[in-house]
Amino acid sequence: YRGGEEKAIDQIAAQYENENPGVHVELLSIPFDAYSSKLGAAIPRAHGPDLFIDAHERLGLYLRDGLVAPVGDALPDSDVAQFDQASLDAITVDRIRYAVPLSNKCLALYVNDALVKSDPESFEEISGLRASLPDDSYPLAYQAPNSFFHAPFLHAFGGRMLDDAGHFAFTGSDAAKSVDFVHQLVASRVVPTEPDGALVTRLFASGHAATAISGPWMQSEIGDGVRYHVIPLPKIEAAASLPGHGEMRPLLTVEGVMLSPSGATRADVRAFAQYLGGKESALVRATVGEQVVARSDVWSEPAIANKPNLK
C-alpha cells in the first residue's frame with residue numbers, strides 16, 4: 001500500500017489500539033515482488049506475521065504451502081450478508097473461508113477532463129486523440145506488457161487466460177490478434193513503450209496522458225494537479241465481430257486479510273481481522289484509501305455516495 005491506502009491502514013491500526021488498551025498492532029510493509037517469498041520463508045519457521053493482506057489469486061499457493069488458515073470467527077456467519085457475493089466466492093475454497101474480504105480491484109478508464117471533451121465510446125476514439133496531442137503526451141497510458149492489464153484486450157478479442165479446467169489458454173488466433181492490436185498501439189505512439197505503474201501515474205498526474213487504464217489504487221496517488229473522472233473500459237470496435245464482441249472485461253482481484261496458522265489460533269488476532277473488515281474500517285478505507293470496499297452495507301453511506309469515481 002502507498003498513498004491513501006497506506007494512510008488508511010495506519011489510521012485503522014491506531015484506532016484499534018485506542019479502542020483496545022494493551023493491544024499493539026505492528027505494521028510491516030513488504031515490497032510486492034518479494035511478498036509471497038517472504039511469507040513462505042517466515043511463516044513455517046514461526047517468524048511470520050499473525051495476519052497479512054494479499055490478493056485472492058495467491059490463496060491456492062498459500063494453501064498448498066500451509067501459510068494460511070481458515071479465518072473462523074473473524075468472518076462469522078452473521079457478517080456474511082454484509083459482503084458482496086463475488087468477494088466471498090473469491091476467498092472461499094471447499095466451503096471454507098480463508099480471508100476477510102477488504103476490497104475489490106479491477107481496471108477502469110481514467111479520463112483527463114482538460115484533454116478529452118467527451119467520454120470515448122470506443123477504443124478507437126482514444127487512439128484518434130494522437131493527432132491533437134503534443135509529442136511528449138499520449139492518448140493512453142497503461143502497463144501494456146503486464147498480463148493483468150492485457151486481459152481486457154484479450155477478452156475483447158475472445159481470448160482467455162485460462163480454460164474451464166484451469167489450464168493455460170492464452171493461445172490461438174484470438175490471443176494473437178489481441179497482442180497484434182496492442183503492438184500497433186505502441187508502434188503508433190498511442191501508448192508509451194514499456195511503461196511501469198510509476199510512469200503511468202506520473203504521465204496522467206502531470207497532464208501528459210489523455211487517458212489511463214488503472215485500478216482504484218491510482219486515485220490515492222494522482223494528487224490534485226489534474227481534473228479527471230473514471231468510466232468503464234470502452235469497446236474495441238475492431239474486435240466487435242470476434243467472439244469477445246469487443247467488450248473489454250477486466251479481471252477482478254479481491255484483497256483480503258488472511259491469517260497464518262499460528263495467528264489463527266489467537267482470539268485477539270481474529271478480532272483484529274474482523275475489525276479490519278468491519279463497517280467502520282471500510283468507511284476509512286473507502287474515504288481515505290479510495291478503496292472499492294467489499295462490504296455492500298457501506299455503499300449507501302453519504303461519505304461514499306459523494307465519490308462517483310469509486311462507484
# chains A, B, ... in the order shown; residues from 1 in each chain; ligands from 1
$ residues_around --residues "stretch 97-104 of chain A" --least-positions-apart "6" --cutoff "8 Å" --atoms "only C-alpha atoms" --output "NGL selection string"
:A and (59 or 68-72 or 74-75 or 83 or 87-88 or 91 or 252-259 or 273-274 or 276-277 or 282 or 291-295)
$ write_last_selection --atoms "N, CA and C atoms" --output "compact mmCIF listing (two decimals), in the first residue's frame"
# COMPACT_ATOMS: atom_id res chain seq x y z
N LEU A 59 -4.23 -17.40 -3.01
CA LEU A 59 -4.74 -18.26 -1.96
C LEU A 59 -4.39 -19.73 -2.20
N VAL A 68 -1.64 -20.35 5.26
CA VAL A 68 -2.88 -19.67 5.61
C VAL A 68 -3.83 -20.67 6.27
N ALA A 69 -4.67 -20.15 7.17
CA ALA A 69 -5.61 -20.99 7.90
C ALA A 69 -7.01 -20.39 7.77
N PRO A 70 -8.06 -21.17 8.01
CA PRO A 70 -9.42 -20.62 7.99
C PRO A 70 -9.56 -19.45 8.96
N VAL A 71 -10.36 -18.46 8.56
CA VAL A 71 -10.49 -17.27 9.41
C VAL A 71 -11.42 -17.49 10.58
N GLY A 72 -12.26 -18.52 10.52
CA GLY A 72 -13.14 -18.83 11.65
C GLY A 72 -14.04 -17.67 12.01
N ALA A 74 -13.43 -14.73 12.65
CA ALA A 74 -13.09 -13.41 12.10
C ALA A 74 -14.08 -13.00 11.02
N LEU A 75 -14.74 -14.00 10.42
CA LEU A 75 -15.82 -13.76 9.46
C LEU A 75 -16.98 -14.70 9.81
N PHE A 83 -21.27 -8.62 2.97
CA PHE A 83 -20.24 -8.59 1.93
C PHE A 83 -20.86 -8.99 0.59
N SER A 87 -16.84 -11.19 -3.72
CA SER A 87 -15.69 -11.18 -2.82
C SER A 87 -15.68 -12.42 -1.93
N LEU A 88 -16.85 -12.86 -1.50
CA LEU A 88 -16.93 -14.06 -0.68
C LEU A 88 -16.52 -15.30 -1.46
N ILE A 91 -12.65 -15.82 -1.76
CA ILE A 91 -11.84 -16.21 -0.61
C ILE A 91 -12.32 -17.53 0.00
N LEU A 252 -10.99 -9.37 -11.97
CA LEU A 252 -11.28 -8.84 -10.64
C LEU A 252 -10.32 -9.44 -9.63
N THR A 253 -9.71 -8.59 -8.83
CA THR A 253 -8.87 -9.01 -7.71
C THR A 253 -9.58 -8.66 -6.42
N VAL A 254 -9.69 -9.63 -5.53
CA VAL A 254 -10.28 -9.40 -4.21
C VAL A 254 -9.15 -9.42 -3.19
N GLU A 255 -8.94 -8.31 -2.51
CA GLU A 255 -7.94 -8.27 -1.45
C GLU A 255 -8.60 -8.58 -0.12
N GLY A 256 -7.93 -9.38 0.68
CA GLY A 256 -8.47 -9.72 1.98
C GLY A 256 -7.39 -9.87 3.01
N VAL A 257 -7.77 -9.89 4.26
CA VAL A 257 -6.81 -10.15 5.34
C VAL A 257 -6.85 -11.64 5.65
N MET A 258 -5.69 -12.28 5.58
CA MET A 258 -5.54 -13.72 5.79
C MET A 258 -4.79 -13.96 7.09
N LEU A 259 -5.01 -15.12 7.69
CA LEU A 259 -4.39 -15.46 8.96
C LEU A 259 -3.38 -16.58 8.76
N ALA A 273 -8.69 -9.02 12.71
CA ALA A 273 -9.06 -9.31 11.32
C ALA A 273 -10.52 -8.95 11.07
N GLN A 274 -11.39 -9.28 12.03
CA GLN A 274 -12.80 -8.92 11.88
C GLN A 274 -12.97 -7.41 11.86
N LEU A 276 -10.77 -5.19 10.80
CA LEU A 276 -10.29 -4.68 9.51
C LEU A 276 -11.38 -4.76 8.44
N GLY A 277 -12.18 -5.82 8.49
CA GLY A 277 -13.25 -5.99 7.51
C GLY A 277 -14.57 -5.37 7.93
N ALA A 282 -14.15 -0.14 6.91
CA ALA A 282 -14.46 0.00 5.48
C ALA A 282 -14.67 1.47 5.10
N GLN A 291 -10.55 2.99 -1.60
CA GLN A 291 -10.73 1.58 -1.97
C GLN A 291 -12.20 1.30 -2.32
N VAL A 292 -12.39 0.41 -3.27
CA VAL A 292 -13.72 -0.11 -3.58
C VAL A 292 -13.96 -1.25 -2.59
N VAL A 293 -14.53 -0.91 -1.46
CA VAL A 293 -14.60 -1.86 -0.35
C VAL A 293 -15.60 -2.97 -0.65
N ALA A 294 -15.36 -4.13 -0.02
CA ALA A 294 -16.14 -5.33 -0.30
C ALA A 294 -17.43 -5.39 0.51
N ARG A 295 -17.61 -4.49 1.46
CA ARG A 295 -18.83 -4.50 2.27
C ARG A 295 -19.93 -3.75 1.53
$ select_by_dssp --residues "stretch 114-291 of chain A" --states "strand (DSSP E or B)" --output "ChimeraX atom specification"
/A:122,138-141,162,168,209-214,228-231,235,253-259
$ closest_residue --among "A:Val190, A:Gly22, A:Ala55, A:Asp65" --to "A:Gly40" --atoms "only C-alpha atoms"
A:Asp65
$ residues_around --residues "stretch 266-269 of chain A" --least-positions-apart "4" --cutoff "8 Å" --atoms "only C-alpha atoms" --output "short mmCIF file (atom, residue, chain, number, x, y, z; two decimals) with N, CA and C atoms, in the first residue's frame"
data_model
loop_
_atom_site.label_atom_id
_atom_site.label_comp_id
_atom_site.auth_asym_id
_atom_site.auth_seq_id
_atom_site.Cartn_x
_atom_site.Cartn_y
_atom_site.Cartn_z
N ASP A 50 1.10 -12.58 12.14
CA ASP A 50 -0.15 -13.20 12.57
C ASP A 50 -1.20 -13.11 11.47
N LEU A 51 -1.20 -11.99 10.78
CA LEU A 51 -2.12 -11.82 9.66
C LEU A 51 -1.46 -10.98 8.58
N SER A 262 -0.49 -19.98 12.93
CA SER A 262 -0.31 -19.62 14.34
C SER A 262 -1.20 -18.45 14.73
N ALA A 273 -8.69 -9.02 12.71
CA ALA A 273 -9.06 -9.31 11.32
C ALA A 273 -10.52 -8.95 11.07
#
$ closest_residue --among "A:Ala264, A:Ile222, A:Ala114, A:Leu162" --to "A:Pro49" --atoms "only C-alpha atoms"
A:Ala264
$ residues_around --residues "A:Ser122" --least-positions-apart "2" --cutoff "10 Å" --atoms "only C-alpha atoms" --output "list in words"
Asp119, Pro120, Glu124, Glu125, Ile126, Ser127, Leu233, Pro234, Lys235, Ile236, Glu237, Ala238, Gly246 and Glu247 of chain A
$ write_last_selection --atoms "N, CA, C and O atoms" --output "short mmCIF file (atom, residue, chain, number, x, y, z; two decimals), in the first residue's frame"
data_model
loop_
_atom_site.label_atom_id
_atom_site.label_comp_id
_atom_site.auth_asym_id
_atom_site.auth_seq_id
_atom_site.Cartn_x
_atom_site.Cartn_y
_atom_site.Cartn_z
N ASP A 119 -16.67 11.55 -23.23
CA ASP A 119 -16.24 10.20 -22.92
C ASP A 119 -16.15 9.34 -24.19
O ASP A 119 -17.11 9.30 -24.97
N PRO A 120 -15.03 8.68 -24.40
CA PRO A 120 -14.89 7.83 -25.59
C PRO A 120 -15.84 6.62 -25.52
O PRO A 120 -15.91 5.94 -24.50
N GLU A 124 -11.13 3.07 -30.30
CA GLU A 124 -10.62 3.79 -31.48
C GLU A 124 -10.68 5.31 -31.29
O GLU A 124 -9.83 6.04 -31.82
N GLU A 125 -11.65 5.79 -30.52
CA GLU A 125 -11.72 7.23 -30.24
C GLU A 125 -10.53 7.68 -29.40
O GLU A 125 -10.03 8.79 -29.57
N ILE A 126 -10.07 6.82 -28.51
CA ILE A 126 -8.87 7.15 -27.72
C ILE A 126 -7.66 7.23 -28.64
O ILE A 126 -6.86 8.17 -28.57
N SER A 127 -7.50 6.26 -29.53
CA SER A 127 -6.39 6.26 -30.46
C SER A 127 -6.39 7.52 -31.33
O SER A 127 -5.34 8.06 -31.67
N LEU A 233 -14.21 0.61 -19.06
CA LEU A 233 -13.42 0.48 -20.28
C LEU A 233 -14.34 0.42 -21.49
O LEU A 233 -15.37 -0.26 -21.47
N PRO A 234 -14.01 1.14 -22.57
CA PRO A 234 -14.88 1.16 -23.75
C PRO A 234 -14.71 -0.08 -24.62
O PRO A 234 -13.82 -0.90 -24.40
N LYS A 235 -15.56 -0.20 -25.61
CA LYS A 235 -15.45 -1.30 -26.57
C LYS A 235 -14.29 -1.08 -27.54
O LYS A 235 -13.87 0.05 -27.79
N ILE A 236 -13.80 -2.19 -28.08
CA ILE A 236 -12.84 -2.13 -29.19
C ILE A 236 -13.62 -2.49 -30.45
O ILE A 236 -14.01 -3.66 -30.64
N GLU A 237 -13.88 -1.51 -31.27
CA GLU A 237 -14.69 -1.74 -32.47
C GLU A 237 -14.04 -2.74 -33.41
O GLU A 237 -14.74 -3.53 -34.07
N ALA A 238 -12.71 -2.75 -33.47
CA ALA A 238 -12.00 -3.66 -34.36
C ALA A 238 -12.24 -5.12 -34.00
O ALA A 238 -12.01 -6.02 -34.82
N GLY A 246 -15.76 -7.40 -28.71
CA GLY A 246 -15.13 -6.12 -28.44
C GLY A 246 -15.27 -5.62 -27.02
O GLY A 246 -14.82 -4.51 -26.71
N GLU A 247 -15.87 -6.40 -26.13
CA GLU A 247 -16.08 -5.97 -24.75
C GLU A 247 -14.79 -6.11 -23.94
O GLU A 247 -14.26 -7.21 -23.78
#
$ closest_residue --among "A:Tyr62, A:Tyr275, A:Tyr142, A:Phe153" --to "A:Thr193" --atoms "only C-alpha atoms"
A:Tyr142
$ residues_around --residues "stretch 205-218 of chain A" --least-positions-apart "6" --cutoff "8 Å" --atoms "only C-alpha atoms" --output "number ranges by chain"
A: 5, 105-112, 115-116, 126, 129, 136-142, 149, 225-226, 289-292, 310
$ residues_around --residues "A:Pro145" --least-positions-apart "2" --cutoff "12 Å" --atoms "only C-alpha atoms" --output "list of chain:residue names"
A:Ala141, A:Tyr142, A:Gln143, A:Ser147, A:Phe148, A:Phe149, A:His150, A:Ala151, A:Phe153, A:Val179, A:Val182, A:His183, A:Val186, A:Val191, A:Pro192, A:Thr193, A:Glu194, A:Pro195, A:Asp196, A:Gly197
$ atom_distance --atom1 "atom CA of A:Asn309" --atom2 "atom CA of A:Gln219"
8.8 Å
$ residues_around --residues "A:Ile304" --least-positions-apart "3" --cutoff "8 Å" --atoms "only C-alpha atoms" --output "PyMOL selection string"
chain A and resi 283+286-287+298-301+307+310
$ atom_distance --atom1 "atom CA of A:Lys117" --atom2 "atom CA of A:Ile231"
13.9 Å
$ decode --residues "stretch 247-280 of chain A" --atoms "N, CA and C atoms" --output "tab-separated table (two decimals), in the first residue's frame"
chain	number	residue	atom	x	y	z
A	247	GLU	N	-15.87	-6.40	-26.13
A	247	GLU	CA	-16.08	-5.97	-24.75
A	247	GLU	C	-14.79	-6.11	-23.94
A	248	MET	N	-14.29	-4.99	-23.42
A	248	MET	CA	-13.07	-5.01	-22.60
A	248	MET	C	-13.45	-5.34	-21.15
A	249	ARG	N	-13.46	-6.61	-20.81
A	249	ARG	CA	-13.84	-7.04	-19.47
A	249	ARG	C	-12.57	-7.29	-18.64
A	250	PRO	N	-12.33	-6.50	-17.61
A	250	PRO	CA	-11.13	-6.69	-16.79
A	250	PRO	C	-11.29	-7.84	-15.80
A	251	LEU	N	-10.17	-8.33	-15.34
A	251	LEU	CA	-10.17	-9.31	-14.26
A	251	LEU	C	-10.48	-8.61	-12.93
A	252	LEU	N	-10.99	-9.37	-11.97
A	252	LEU	CA	-11.28	-8.84	-10.64
A	252	LEU	C	-10.32	-9.44	-9.63
A	253	THR	N	-9.71	-8.59	-8.83
A	253	THR	CA	-8.87	-9.01	-7.71
A	253	THR	C	-9.58	-8.66	-6.42
A	254	VAL	N	-9.69	-9.63	-5.53
A	254	VAL	CA	-10.28	-9.40	-4.21
A	254	VAL	C	-9.15	-9.42	-3.19
A	255	GLU	N	-8.94	-8.31	-2.51
A	255	GLU	CA	-7.94	-8.27	-1.45
A	255	GLU	C	-8.60	-8.58	-0.12
A	256	GLY	N	-7.93	-9.38	0.68
A	256	GLY	CA	-8.47	-9.72	1.98
A	256	GLY	C	-7.39	-9.87	3.01
A	257	VAL	N	-7.77	-9.89	4.26
A	257	VAL	CA	-6.81	-10.15	5.34
A	257	VAL	C	-6.85	-11.64	5.65
A	258	MET	N	-5.69	-12.28	5.58
A	258	MET	CA	-5.54	-13.72	5.79
A	258	MET	C	-4.79	-13.96	7.09
A	259	LEU	N	-5.01	-15.12	7.69
A	259	LEU	CA	-4.39	-15.46	8.96
A	259	LEU	C	-3.38	-16.58	8.76
A	260	SER	N	-2.21	-16.43	9.35
A	260	SER	CA	-1.25	-17.53	9.36
A	260	SER	C	-1.77	-18.61	10.30
A	261	PRO	N	-1.30	-19.86	10.17
A	261	PRO	CA	-1.78	-20.92	11.07
A	261	PRO	C	-1.62	-20.59	12.54
A	262	SER	N	-0.49	-19.98	12.93
A	262	SER	CA	-0.31	-19.62	14.34
A	262	SER	C	-1.20	-18.45	14.73
A	263	GLY	N	-1.33	-17.48	13.83
A	263	GLY	CA	-2.18	-16.34	14.13
A	263	GLY	C	-3.64	-16.72	14.30
A	264	ALA	N	-4.08	-17.71	13.52
A	264	ALA	CA	-5.48	-18.11	13.55
A	264	ALA	C	-5.88	-18.72	14.89
A	265	THR	N	-4.91	-19.18	15.68
A	265	THR	CA	-5.23	-19.79	16.98
A	265	THR	C	-5.51	-18.75	18.06
A	266	ARG	N	-5.22	-17.48	17.77
A	266	ARG	CA	-5.33	-16.43	18.79
A	266	ARG	C	-6.59	-15.60	18.59
A	267	ALA	N	-7.36	-15.46	19.65
A	267	ALA	CA	-8.61	-14.72	19.58
A	267	ALA	C	-8.37	-13.24	19.29
A	268	ASP	N	-7.26	-12.66	19.81
A	268	ASP	CA	-7.01	-11.24	19.57
A	268	ASP	C	-6.67	-10.97	18.11
A	269	VAL	N	-6.01	-11.92	17.47
A	269	VAL	CA	-5.68	-11.78	16.05
A	269	VAL	C	-6.96	-11.87	15.21
A	270	ARG	N	-7.80	-12.83	15.52
A	270	ARG	CA	-9.06	-12.97	14.78
A	270	ARG	C	-9.95	-11.75	14.98
A	271	ALA	N	-9.91	-11.18	16.18
A	271	ALA	CA	-10.72	-9.98	16.46
A	271	ALA	C	-10.26	-8.80	15.62
A	272	PHE	N	-8.94	-8.66	15.46
A	272	PHE	CA	-8.44	-7.55	14.64
A	272	PHE	C	-8.77	-7.77	13.17
A	273	ALA	N	-8.69	-9.02	12.71
A	273	ALA	CA	-9.06	-9.31	11.32
A	273	ALA	C	-10.52	-8.95	11.07
A	274	GLN	N	-11.39	-9.28	12.03
A	274	GLN	CA	-12.80	-8.92	11.88
A	274	GLN	C	-12.97	-7.41	11.86
A	275	TYR	N	-12.21	-6.70	12.68
A	275	TYR	CA	-12.26	-5.24	12.73
A	275	TYR	C	-11.83	-4.63	11.40
A	276	LEU	N	-10.77	-5.19	10.80
A	276	LEU	CA	-10.29	-4.68	9.51
A	276	LEU	C	-11.38	-4.76	8.44
A	277	GLY	N	-12.18	-5.82	8.49
A	277	GLY	CA	-13.25	-5.99	7.51
A	277	GLY	C	-14.57	-5.37	7.93
A	278	GLY	N	-14.61	-4.75	9.10
A	278	GLY	CA	-15.85	-4.19	9.63
A	278	GLY	C	-16.27	-2.91	8.94
A	279	LYS	N	-17.47	-2.45	9.28
A	279	LYS	CA	-18.04	-1.28	8.61
A	279	LYS	C	-17.25	-0.01	8.88
A	280	GLU	N	-16.84	0.18	10.15
A	280	GLU	CA	-16.08	1.38	10.49
A	280	GLU	C	-14.76	1.44	9.73
